[in-house]
$ cat data.cif   # mmCIF, C-alpha atoms, pLDDT in the B column; chains and numbers go by the auth columns
data_entry
loop_
_atom_site.group_PDB
_atom_site.id
_atom_site.type_symbol
_atom_site.label_atom_id
_atom_site.label_comp_id
_atom_site.label_asym_id
_atom_site.label_seq_id
_atom_site.Cartn_x
_atom_site.Cartn_y
_atom_site.Cartn_z
_atom_site.B_iso_or_equiv
_atom_site.auth_seq_id
_atom_site.auth_asym_id
ATOM 1 C CA MET A 1 22.389 -13.713 -11.368 38.00 1 A
ATOM 2 C CA SER A 2 24.521 -14.942 -8.470 36.00 2 A
ATOM 3 C CA SER A 3 23.713 -18.239 -6.772 33.00 3 A
ATOM 4 C CA PHE A 4 22.899 -16.295 -3.574 33.00 4 A
ATOM 5 C CA ALA A 5 20.388 -14.084 -5.419 35.00 5 A
ATOM 6 C CA THR A 6 18.857 -17.149 -7.090 31.00 6 A
ATOM 7 C CA LEU A 7 18.576 -18.949 -3.728 32.00 7 A
ATOM 8 C CA SER A 8 17.079 -15.820 -2.126 35.00 8 A
ATOM 9 C CA LEU A 9 14.537 -15.488 -4.937 35.00 9 A
ATOM 10 C CA THR A 10 13.666 -19.212 -4.717 34.00 10 A
ATOM 11 C CA ILE A 11 13.190 -19.041 -0.934 36.00 11 A
ATOM 12 C CA SER A 12 11.098 -15.873 -1.245 38.00 12 A
ATOM 13 C CA ALA A 13 8.916 -17.485 -3.913 40.00 13 A
ATOM 14 C CA ALA A 14 8.430 -20.553 -1.706 37.00 14 A
ATOM 15 C CA LEU A 15 7.477 -18.389 1.287 38.00 15 A
ATOM 16 C CA VAL A 16 4.943 -16.514 -0.857 40.00 16 A
ATOM 17 C CA GLY A 17 3.503 -19.838 -2.068 43.00 17 A
ATOM 18 C CA LEU A 18 3.091 -20.992 1.514 39.00 18 A
ATOM 19 C CA GLY A 19 1.436 -17.718 2.486 45.00 19 A
ATOM 20 C CA LEU A 20 4.200 -16.880 4.969 43.00 20 A
ATOM 21 C CA ILE A 21 5.131 -13.604 3.272 45.00 21 A
ATOM 22 C CA ALA A 22 3.253 -11.420 0.829 46.00 22 A
ATOM 23 C CA PRO A 23 4.606 -10.794 -2.679 45.00 23 A
ATOM 24 C CA SER A 24 5.256 -7.186 -1.583 45.00 24 A
ATOM 25 C CA HIS A 25 7.524 -8.276 1.305 42.00 25 A
ATOM 26 C CA PRO A 26 10.886 -6.422 1.080 42.00 26 A
ATOM 27 C CA SER A 27 12.740 -9.695 0.326 37.00 27 A
ATOM 28 C CA PHE A 28 10.550 -10.339 -2.699 37.00 28 A
ATOM 29 C CA VAL A 29 9.374 -6.974 -4.027 40.00 29 A
ATOM 30 C CA ALA A 30 12.185 -6.459 -6.546 35.00 30 A
ATOM 31 C CA HIS A 31 11.298 -9.748 -8.251 32.00 31 A
ATOM 32 C CA ALA A 32 7.511 -9.805 -7.820 37.00 32 A
ATOM 33 C CA ALA A 33 5.223 -10.120 -10.815 36.00 33 A
ATOM 34 C CA PRO A 34 2.653 -7.366 -11.404 42.00 34 A
ATOM 35 C CA PRO A 35 -0.458 -7.880 -9.263 46.00 35 A
ATOM 36 C CA ALA A 36 -2.635 -8.542 -12.328 50.00 36 A
ATOM 37 C CA GLN A 37 -0.849 -11.869 -12.890 54.00 37 A
ATOM 38 C CA ASP A 38 -1.581 -14.883 -10.718 63.00 38 A
ATOM 39 C CA ILE A 39 -3.688 -13.062 -8.111 77.00 39 A
ATOM 40 C CA SER A 40 -4.203 -15.013 -4.896 91.00 40 A
ATOM 41 C CA ARG A 41 -7.423 -14.591 -2.970 93.00 41 A
ATOM 42 C CA GLY A 42 -8.063 -14.685 0.759 91.00 42 A
ATOM 43 C CA PRO A 43 -10.990 -16.389 2.528 91.00 43 A
ATOM 44 C CA SER A 44 -13.068 -13.234 1.878 92.00 44 A
ATOM 45 C CA GLY A 45 -12.667 -13.754 -1.868 92.00 45 A
ATOM 46 C CA LEU A 46 -10.749 -10.486 -2.164 94.00 46 A
ATOM 47 C CA PRO A 47 -7.213 -10.326 -3.573 95.00 47 A
ATOM 48 C CA LEU A 48 -4.164 -10.657 -1.316 96.00 48 A
ATOM 49 C CA PRO A 49 -2.248 -8.475 -0.979 97.00 49 A
ATOM 50 C CA ARG A 50 -4.419 -5.385 -1.531 97.00 50 A
ATOM 51 C CA PHE A 51 -4.574 -1.783 -0.375 98.00 51 A
ATOM 52 C CA VAL A 52 -7.305 -0.375 1.881 98.00 52 A
ATOM 53 C CA SER A 53 -7.498 2.609 4.246 98.00 53 A
ATOM 54 C CA LEU A 54 -8.413 3.148 7.870 98.00 54 A
ATOM 55 C CA LYS A 55 -12.039 4.188 8.534 97.00 55 A
ATOM 56 C CA SER A 56 -11.512 5.530 12.019 93.00 56 A
ATOM 57 C CA GLY A 57 -9.169 7.948 13.768 93.00 57 A
ATOM 58 C CA ARG A 58 -8.426 5.389 16.526 96.00 58 A
ATOM 59 C CA VAL A 59 -7.473 1.950 15.253 98.00 59 A
ATOM 60 C CA ASN A 60 -5.707 -0.660 17.363 97.00 60 A
ATOM 61 C CA SER A 61 -3.209 -2.882 15.609 98.00 61 A
ATOM 62 C CA ARG A 62 -2.803 -6.099 17.603 98.00 62 A
ATOM 63 C CA ILE A 63 -0.124 -8.780 17.690 98.00 63 A
ATOM 64 C CA GLY A 64 -2.704 -11.443 16.799 98.00 64 A
ATOM 65 C CA PRO A 65 -6.173 -11.796 15.234 98.00 65 A
ATOM 66 C CA GLY A 66 -8.469 -11.145 18.198 97.00 66 A
ATOM 67 C CA ILE A 67 -9.284 -8.713 21.006 97.00 67 A
ATOM 68 C CA ASN A 68 -7.459 -10.914 23.514 97.00 68 A
ATOM 69 C CA TYR A 69 -4.140 -10.094 21.820 98.00 69 A
ATOM 70 C CA SER A 70 -2.262 -7.051 23.054 98.00 70 A
ATOM 71 C CA VAL A 71 -2.221 -3.777 21.132 98.00 71 A
ATOM 72 C CA GLU A 72 1.102 -3.077 19.471 96.00 72 A
ATOM 73 C CA TRP A 73 0.203 0.139 17.585 95.00 73 A
ATOM 74 C CA LEU A 74 -2.536 2.744 17.818 97.00 74 A
ATOM 75 C CA TYR A 75 -3.218 4.526 14.526 97.00 75 A
ATOM 76 C CA LEU A 76 -4.750 7.978 14.877 97.00 76 A
ATOM 77 C CA LYS A 77 -5.103 9.054 11.230 96.00 77 A
ATOM 78 C CA PRO A 78 -8.324 8.164 9.382 97.00 78 A
ATOM 79 C CA GLY A 79 -7.689 7.508 5.702 97.00 79 A
ATOM 80 C CA LEU A 80 -4.192 6.110 6.289 98.00 80 A
ATOM 81 C CA PRO A 81 -3.463 3.555 3.553 98.00 81 A
ATOM 82 C CA MET A 82 -2.743 0.009 4.717 98.00 82 A
ATOM 83 C CA GLU A 83 -1.803 -3.117 2.812 98.00 83 A
ATOM 84 C CA VAL A 84 -3.821 -6.227 3.701 98.00 84 A
ATOM 85 C CA ILE A 85 -1.445 -9.190 3.565 97.00 85 A
ATOM 86 C CA GLN A 86 -3.418 -11.922 5.349 97.00 86 A
ATOM 87 C CA GLU A 87 -6.963 -12.717 6.489 97.00 87 A
ATOM 88 C CA TYR A 88 -8.296 -14.712 9.409 97.00 88 A
ATOM 89 C CA ASP A 89 -12.030 -14.678 10.181 96.00 89 A
ATOM 90 C CA ASN A 90 -12.965 -10.957 10.472 97.00 90 A
ATOM 91 C CA TRP A 91 -9.354 -9.898 11.157 98.00 91 A
ATOM 92 C CA ARG A 92 -6.901 -8.542 8.608 98.00 92 A
ATOM 93 C CA ARG A 93 -3.142 -8.577 8.926 98.00 93 A
ATOM 94 C CA VAL A 94 -2.016 -5.223 7.619 98.00 94 A
ATOM 95 C CA ARG A 95 1.256 -3.490 6.840 98.00 95 A
ATOM 96 C CA ASP A 96 1.752 0.285 6.959 97.00 96 A
ATOM 97 C CA ALA A 97 4.080 2.378 4.791 97.00 97 A
ATOM 98 C CA ASP A 98 6.871 2.035 7.375 95.00 98 A
ATOM 99 C CA GLY A 99 6.661 -1.772 7.207 96.00 99 A
ATOM 100 C CA SER A 100 5.030 -2.284 10.616 97.00 100 A
ATOM 101 C CA GLU A 101 2.551 -5.153 10.670 98.00 101 A
ATOM 102 C CA GLY A 102 -0.364 -6.074 12.903 98.00 102 A
ATOM 103 C CA TRP A 103 -3.936 -7.354 13.009 98.00 103 A
ATOM 104 C CA VAL A 104 -6.930 -5.025 12.610 98.00 104 A
ATOM 105 C CA ASN A 105 -10.628 -5.858 12.722 98.00 105 A
ATOM 106 C CA GLN A 106 -12.000 -5.622 9.185 97.00 106 A
ATOM 107 C CA SER A 107 -14.822 -3.326 10.343 97.00 107 A
ATOM 108 C CA LEU A 108 -12.200 -0.593 10.865 98.00 108 A
ATOM 109 C CA LEU A 109 -10.968 -0.802 7.267 98.00 109 A
ATOM 110 C CA SER A 110 -12.415 0.835 4.179 97.00 110 A
ATOM 111 C CA GLY A 111 -12.123 -0.054 0.508 96.00 111 A
ATOM 112 C CA ARG A 112 -11.590 3.670 -0.189 97.00 112 A
ATOM 113 C CA ARG A 113 -8.193 3.990 -1.837 98.00 113 A
ATOM 114 C CA THR A 114 -5.722 6.459 -0.442 98.00 114 A
ATOM 115 C CA ALA A 115 -1.970 6.751 -0.902 98.00 115 A
ATOM 116 C CA ILE A 116 1.039 8.440 0.644 98.00 116 A
ATOM 117 C CA ALA A 117 3.302 10.559 -1.553 97.00 117 A
ATOM 118 C CA ALA A 118 6.842 9.134 -1.457 96.00 118 A
ATOM 119 C CA PRO A 119 7.007 8.197 2.250 95.00 119 A
ATOM 120 C CA TRP A 120 10.559 6.917 1.655 95.00 120 A
ATOM 121 C CA GLN A 121 11.590 10.548 1.000 93.00 121 A
ATOM 122 C CA LYS A 122 10.375 11.864 4.402 91.00 122 A
ATOM 123 C CA GLY A 123 12.956 14.073 6.043 87.00 123 A
ATOM 124 C CA LYS A 124 14.807 14.609 2.773 90.00 124 A
ATOM 125 C CA ASP A 125 14.785 17.698 0.614 87.00 125 A
ATOM 126 C CA ALA A 126 12.506 16.135 -1.998 90.00 126 A
ATOM 127 C CA ARG A 127 10.017 17.743 -4.350 88.00 127 A
ATOM 128 C CA ILE A 128 7.003 15.788 -5.537 95.00 128 A
ATOM 129 C CA ASP A 129 4.962 17.529 -8.188 96.00 129 A
ATOM 130 C CA LEU A 130 1.199 17.259 -8.545 98.00 130 A
ATOM 131 C CA LEU A 131 0.671 17.804 -12.272 98.00 131 A
ATOM 132 C CA ALA A 132 -2.257 19.099 -14.338 98.00 132 A
ATOM 133 C CA GLU A 133 -1.982 16.176 -16.786 98.00 133 A
ATOM 134 C CA PRO A 134 -0.423 12.703 -16.708 97.00 134 A
ATOM 135 C CA ASP A 135 2.748 13.928 -18.410 96.00 135 A
ATOM 136 C CA GLU A 136 6.133 14.837 -16.929 96.00 136 A
ATOM 137 C CA SER A 137 6.139 18.127 -18.851 96.00 137 A
ATOM 138 C CA ALA A 138 2.662 19.173 -17.610 97.00 138 A
ATOM 139 C CA ARG A 139 2.043 22.277 -15.525 97.00 139 A
ATOM 140 C CA VAL A 140 2.728 21.869 -11.795 97.00 140 A
ATOM 141 C CA LEU A 141 -0.430 22.408 -9.729 97.00 141 A
ATOM 142 C CA ALA A 142 1.159 21.889 -6.321 96.00 142 A
ATOM 143 C CA MET A 143 4.373 20.715 -4.717 95.00 143 A
ATOM 144 C CA LEU A 144 3.781 17.932 -2.219 96.00 144 A
ATOM 145 C CA GLU A 145 5.757 17.126 0.890 94.00 145 A
ATOM 146 C CA PRO A 146 6.853 13.506 1.182 96.00 146 A
ATOM 147 C CA GLY A 147 4.448 11.658 3.465 95.00 147 A
ATOM 148 C CA VAL A 148 1.292 13.623 2.651 96.00 148 A
ATOM 149 C CA ILE A 149 -1.844 11.490 2.241 97.00 149 A
ATOM 150 C CA GLY A 150 -4.223 11.866 -0.683 98.00 150 A
ATOM 151 C CA THR A 151 -7.259 10.093 -2.116 98.00 151 A
ATOM 152 C CA ILE A 152 -6.822 8.063 -5.273 98.00 152 A
ATOM 153 C CA ARG A 153 -9.386 8.825 -7.958 98.00 153 A
ATOM 154 C CA ALA A 154 -7.825 6.579 -10.633 98.00 154 A
ATOM 155 C CA CYS A 155 -4.540 4.975 -11.649 98.00 155 A
ATOM 156 C CA ASP A 156 -3.692 3.855 -15.174 97.00 156 A
ATOM 157 C CA GLY A 157 -0.617 1.798 -14.306 97.00 157 A
ATOM 158 C CA LYS A 158 1.817 4.691 -14.746 97.00 158 A
ATOM 159 C CA TRP A 159 0.006 7.728 -13.323 98.00 159 A
ATOM 160 C CA CYS A 160 -2.487 8.238 -10.506 98.00 160 A
ATOM 161 C CA GLU A 161 -5.081 10.992 -10.423 98.00 161 A
ATOM 162 C CA MET A 162 -5.261 12.016 -6.776 98.00 162 A
ATOM 163 C CA THR A 163 -6.703 14.675 -4.525 98.00 163 A
ATOM 164 C CA PHE A 164 -4.494 16.213 -1.831 97.00 164 A
ATOM 165 C CA ASP A 165 -6.163 18.750 0.451 94.00 165 A
ATOM 166 C CA GLY A 166 -8.634 19.859 -2.236 94.00 166 A
ATOM 167 C CA HIS A 167 -6.068 19.916 -5.071 96.00 167 A
ATOM 168 C CA THR A 168 -6.656 17.294 -7.751 98.00 168 A
ATOM 169 C CA GLY A 169 -3.955 16.362 -10.225 98.00 169 A
ATOM 170 C CA TRP A 170 -1.638 13.643 -11.436 98.00 170 A
ATOM 171 C CA ILE A 171 1.343 12.033 -9.751 98.00 171 A
ATOM 172 C CA SER A 172 3.628 9.303 -11.042 97.00 172 A
ATOM 173 C CA GLN A 173 2.416 5.949 -9.726 97.00 173 A
ATOM 174 C CA SER A 174 6.017 5.132 -8.766 96.00 174 A
ATOM 175 C CA GLN A 175 5.881 8.047 -6.291 97.00 175 A
ATOM 176 C CA VAL A 176 2.986 6.730 -4.178 97.00 176 A
ATOM 177 C CA TRP A 177 2.572 4.053 -1.530 98.00 177 A
ATOM 178 C CA GLY A 178 -0.991 2.817 -1.853 98.00 178 A
ATOM 179 C CA ALA A 179 -1.094 1.531 -5.434 97.00 179 A
ATOM 180 C CA TYR A 180 1.009 -1.303 -6.846 97.00 180 A
ATOM 181 C CA PRO A 181 3.259 -0.712 -9.859 95.00 181 A
ATOM 182 C CA GLY A 182 1.176 -1.246 -12.979 96.00 182 A
ATOM 183 C CA GLU A 183 -2.084 -1.555 -11.009 96.00 183 A
ATOM 184 C CA LEU A 184 -5.245 -0.111 -12.551 96.00 184 A
ATOM 185 C CA VAL A 185 -7.487 1.680 -10.044 96.00 185 A
ATOM 186 C CA LYS A 186 -10.930 3.162 -10.734 90.00 186 A
ATOM 187 C CA ASP A 187 -12.906 5.140 -8.161 73.00 187 A
#

$ encode --input "data.cif" --output "structure tokens"
Amino acid sequence: MSSFATLSLTISAALVGLGLIAPSHPSFVAHAAPPAQDISRGPSGLPLPRFVSLKSGRVNSRIGPGINYSVEWLYLKPGLPMEVIQEYDNWRRVRDADGSEGWVNQSLLSGRRTAIAAPWQKGKDARIDLLAEPDESARVLAMLEPGVIGTIRACDGKWCEMTFDGHTGWISQSQVWGAYPGELVKD
């Protein structure tokens, strides 16, 4: 490993330890340990970072934790997965699949797990298969467009059983944004 990469990893680890970036921050994600190891907890007692979804179809994302801070984003899609990366009182600092961050009142967030199929493939000619079984050679139930949102039923660390528009099947966990690599999820 180059001295630059080692320095970058050391700085990223220090920033995570100080709570200034989350372990999933782009500067740290390639080197992050699986979420099951050394889980940090926020003031709520819940793990940080963690995935949640939006309850409402109109959610303001603010530049700070309070209604006196200006609105930076307005989310219009209920069920959109968000990653909680920080907590302050009843406000949660969240990150969306595009990397945008802001503060949302916790009452507008749900513990219901949703995920986006390969949002990094949006606009590309990509094919994401929803399979009948958690096996690459399984029958294809549906072909998903990158960016489509589904509900997670369960993840075993490698595969997620999800429902997309009434179609339930399996998708590789590496192809979703809404579940960490290796994370176990039960509905």

$ closest_residue --input "data.cif" --among "A:Ile171, A:Ala154, A:Ser53, A:Phe164" --to "A:Ser137" --atoms "all atoms listed in the file"
A:Ile171

$ residues_around --input "data.cif" --residues "stretch 104-106 of chain A" --least-positions-apart "6" --cutoff "10 Å" --atoms "all atoms listed in the file" --output "JSON, numbers by chain"
{"A": [54, 55, 59, 60, 61, 62, 63, 64, 65, 66, 67, 71, 84, 87, 88, 89, 90, 91, 92, 93, 94]}

$ atom_distance --input "data.cif" --atom1 "atom CA of A:Glu183" --atom2 "atom CA of A:Asp156"
7.0 Å

$ residues_near_point --input "data.cif" --point "(7.5, -0.3, 3.9)" --cutoff "9 Å" --atoms "all atoms listed in the file" --output "list in words"
His25, Pro26, Arg95, Asp96, Ala97, Asp98, Gly99, Ser100, Pro119, Trp120 and Trp177 of chain A

$ axis_aligned_box --input "data.cif" --around "stretch 160-179 of chain A" --padding-each-side "6 Å" --output "JSON"
{"center_x": -1.3, "center_y": 10.7, "center_z": -5.5, "size_x": 26.7, "size_y": 30.4, "size_z": 23.9}

$ closest_residue --input "data.cif" --among "A:Pro49, A:Glu101, A:Glu145, A:Asp135" --to "A:Lys122" --atoms "only C-alpha atoms"
A:Glu145

$ closest_residue --input "data.cif" --among "A:His167, A:Lys124, A:Arg112, A:Arg139" --to "A:Ile152" --atoms "all atoms listed in the file"
A:Arg112

$ resolve_selection --input "data.cif" --expression "the PyMOL selection byres ((chain A and resi 75) around 6)" --output "PDB file with C-alpha atoms, in the coordinates of the input"
ATOM      1  CA  ARG A  58      -8.426   5.389  16.526  1.00 96.00           C
ATOM      2  CA  VAL A  59      -7.473   1.950  15.253  1.00 98.00           C
ATOM      3  CA  LEU A  74      -2.536   2.744  17.818  1.00 97.00           C
ATOM      4  CA  LEU A  76      -4.750   7.978  14.877  1.00 97.00           C
ATOM      5  CA  LYS A  77      -5.103   9.054  11.230  1.00 96.00           C
TER       6      LYS A  77
END

$ residues_around --input "data.cif" --residues "A:Gln175" --least-positions-apart "6" --cutoff "9 Å" --atoms "all atoms listed in the file" --output "list in words"
Ile116, Ala117, Ala118, Pro119 and Ile128 of chain A

$ atom_distance --input "data.cif" --atom1 "atom CA of A:Tyr69" --atom2 "atom CA of A:Pro47"
25.6 Å

$ atom_distance --input "data.cif" --atom1 "atom CA of A:Leu46" --atom2 "atom CA of A:Thr168"
28.6 Å

$ closest_residue --input "data.cif" --among "A:Gln173, A:Ser40, A:Gln121, A:Ser110" --to "A:Glu161" --atoms "all atoms listed in the file"
A:Gln173

$ resolve_selection --input "data.cif" --expression "the PyMOL selection byres ((chain A and resi 115) around 9)" --output "list in words"
Phe51, Ser53, Gly79, Leu80, Pro81, Met82, Arg113, Thr114, Ile116, Ala117, Val148, Ile149, Gly150, Thr151, Ile152, Met162, Val176, Trp177, Gly178 and Ala179 of chain A

$ residues_near_point --input "data.cif" --point "(4.1, 16.3, -13.2)" --cutoff "9 Å" --atoms "only C-alpha atoms" --output "PyMOL selection string"
chain A and resi 128-141+169-172

$ build_atoms --input "data.cif" --residues "stretch 94-124 of chain A" --atoms "N, CA and C atoms" --output "compact mmCIF listing (two decimals), in the coordinates of the input"
# COMPACT_ATOMS: atom_id res chain seq x y z
N VAL A 94 -2.31 -6.37 8.46
CA VAL A 94 -2.02 -5.22 7.62
C VAL A 94 -0.57 -4.79 7.81
N ARG A 95 -0.08 -4.08 6.81
CA ARG A 95 1.26 -3.49 6.84
C ARG A 95 1.10 -2.01 6.51
N ASP A 96 1.79 -1.14 7.27
CA ASP A 96 1.75 0.28 6.96
C ASP A 96 2.95 0.67 6.09
N ALA A 97 3.03 1.91 5.70
CA ALA A 97 4.08 2.38 4.79
C ALA A 97 5.47 2.26 5.39
N ASP A 98 5.57 2.20 6.71
CA ASP A 98 6.87 2.04 7.38
C ASP A 98 7.26 0.57 7.50
N GLY A 99 6.38 -0.35 7.13
CA GLY A 99 6.66 -1.77 7.21
C GLY A 99 6.18 -2.45 8.48
N SER A 100 5.56 -1.70 9.39
CA SER A 100 5.03 -2.28 10.62
C SER A 100 3.79 -3.10 10.29
N GLU A 101 3.67 -4.27 10.93
CA GLU A 101 2.55 -5.15 10.67
C GLU A 101 1.77 -5.42 11.94
N GLY A 102 0.48 -5.71 11.78
CA GLY A 102 -0.36 -6.07 12.90
C GLY A 102 -1.73 -6.48 12.40
N TRP A 103 -2.59 -6.88 13.34
CA TRP A 103 -3.94 -7.35 13.01
C TRP A 103 -4.97 -6.30 13.38
N VAL A 104 -5.88 -6.03 12.44
CA VAL A 104 -6.93 -5.03 12.61
C VAL A 104 -8.27 -5.68 12.26
N ASN A 105 -9.30 -5.36 13.04
CA ASN A 105 -10.63 -5.86 12.72
C ASN A 105 -11.08 -5.25 11.39
N GLN A 106 -11.63 -6.09 10.53
CA GLN A 106 -12.00 -5.62 9.18
C GLN A 106 -13.04 -4.50 9.20
N SER A 107 -13.81 -4.39 10.27
CA SER A 107 -14.82 -3.33 10.34
C SER A 107 -14.19 -1.93 10.44
N LEU A 108 -12.90 -1.87 10.75
CA LEU A 108 -12.20 -0.59 10.86
C LEU A 108 -11.46 -0.22 9.58
N LEU A 109 -11.63 -1.04 8.54
CA LEU A 109 -10.97 -0.80 7.27
C LEU A 109 -11.99 -0.44 6.20
N SER A 110 -11.56 0.38 5.26
CA SER A 110 -12.42 0.84 4.18
C SER A 110 -11.78 0.46 2.84
N GLY A 111 -12.61 0.19 1.86
CA GLY A 111 -12.12 -0.05 0.51
C GLY A 111 -11.72 1.22 -0.21
N ARG A 112 -11.97 2.38 0.41
CA ARG A 112 -11.59 3.67 -0.19
C ARG A 112 -10.08 3.71 -0.36
N ARG A 113 -9.62 4.02 -1.55
CA ARG A 113 -8.19 3.99 -1.84
C ARG A 113 -7.55 5.34 -1.56
N THR A 114 -6.54 5.30 -0.73
CA THR A 114 -5.72 6.46 -0.44
C THR A 114 -4.27 6.06 -0.68
N ALA A 115 -3.40 7.04 -0.71
CA ALA A 115 -1.97 6.75 -0.90
C ALA A 115 -1.14 7.85 -0.24
N ILE A 116 0.09 7.50 0.05
CA ILE A 116 1.04 8.44 0.64
C ILE A 116 2.06 8.81 -0.42
N ALA A 117 2.32 10.09 -0.58
CA ALA A 117 3.30 10.56 -1.55
C ALA A 117 4.70 10.29 -1.02
N ALA A 118 5.43 9.44 -1.71
CA ALA A 118 6.84 9.13 -1.46
C ALA A 118 7.24 9.11 0.02
N PRO A 119 6.65 8.22 0.83
CA PRO A 119 7.01 8.20 2.25
C PRO A 119 8.48 7.88 2.48
N TRP A 120 9.13 7.24 1.54
CA TRP A 120 10.56 6.92 1.66
C TRP A 120 11.44 8.16 1.53
N GLN A 121 10.85 9.29 1.13
CA GLN A 121 11.59 10.55 1.00
C GLN A 121 11.41 11.47 2.21
N LYS A 122 10.61 11.03 3.21
CA LYS A 122 10.38 11.86 4.40
C LYS A 122 11.69 12.29 5.03
N GLY A 123 11.76 13.55 5.40
CA GLY A 123 12.96 14.07 6.04
C GLY A 123 14.04 14.47 5.07
N LYS A 124 13.84 14.23 3.80
CA LYS A 124 14.81 14.61 2.77
C LYS A 124 14.29 15.83 2.04
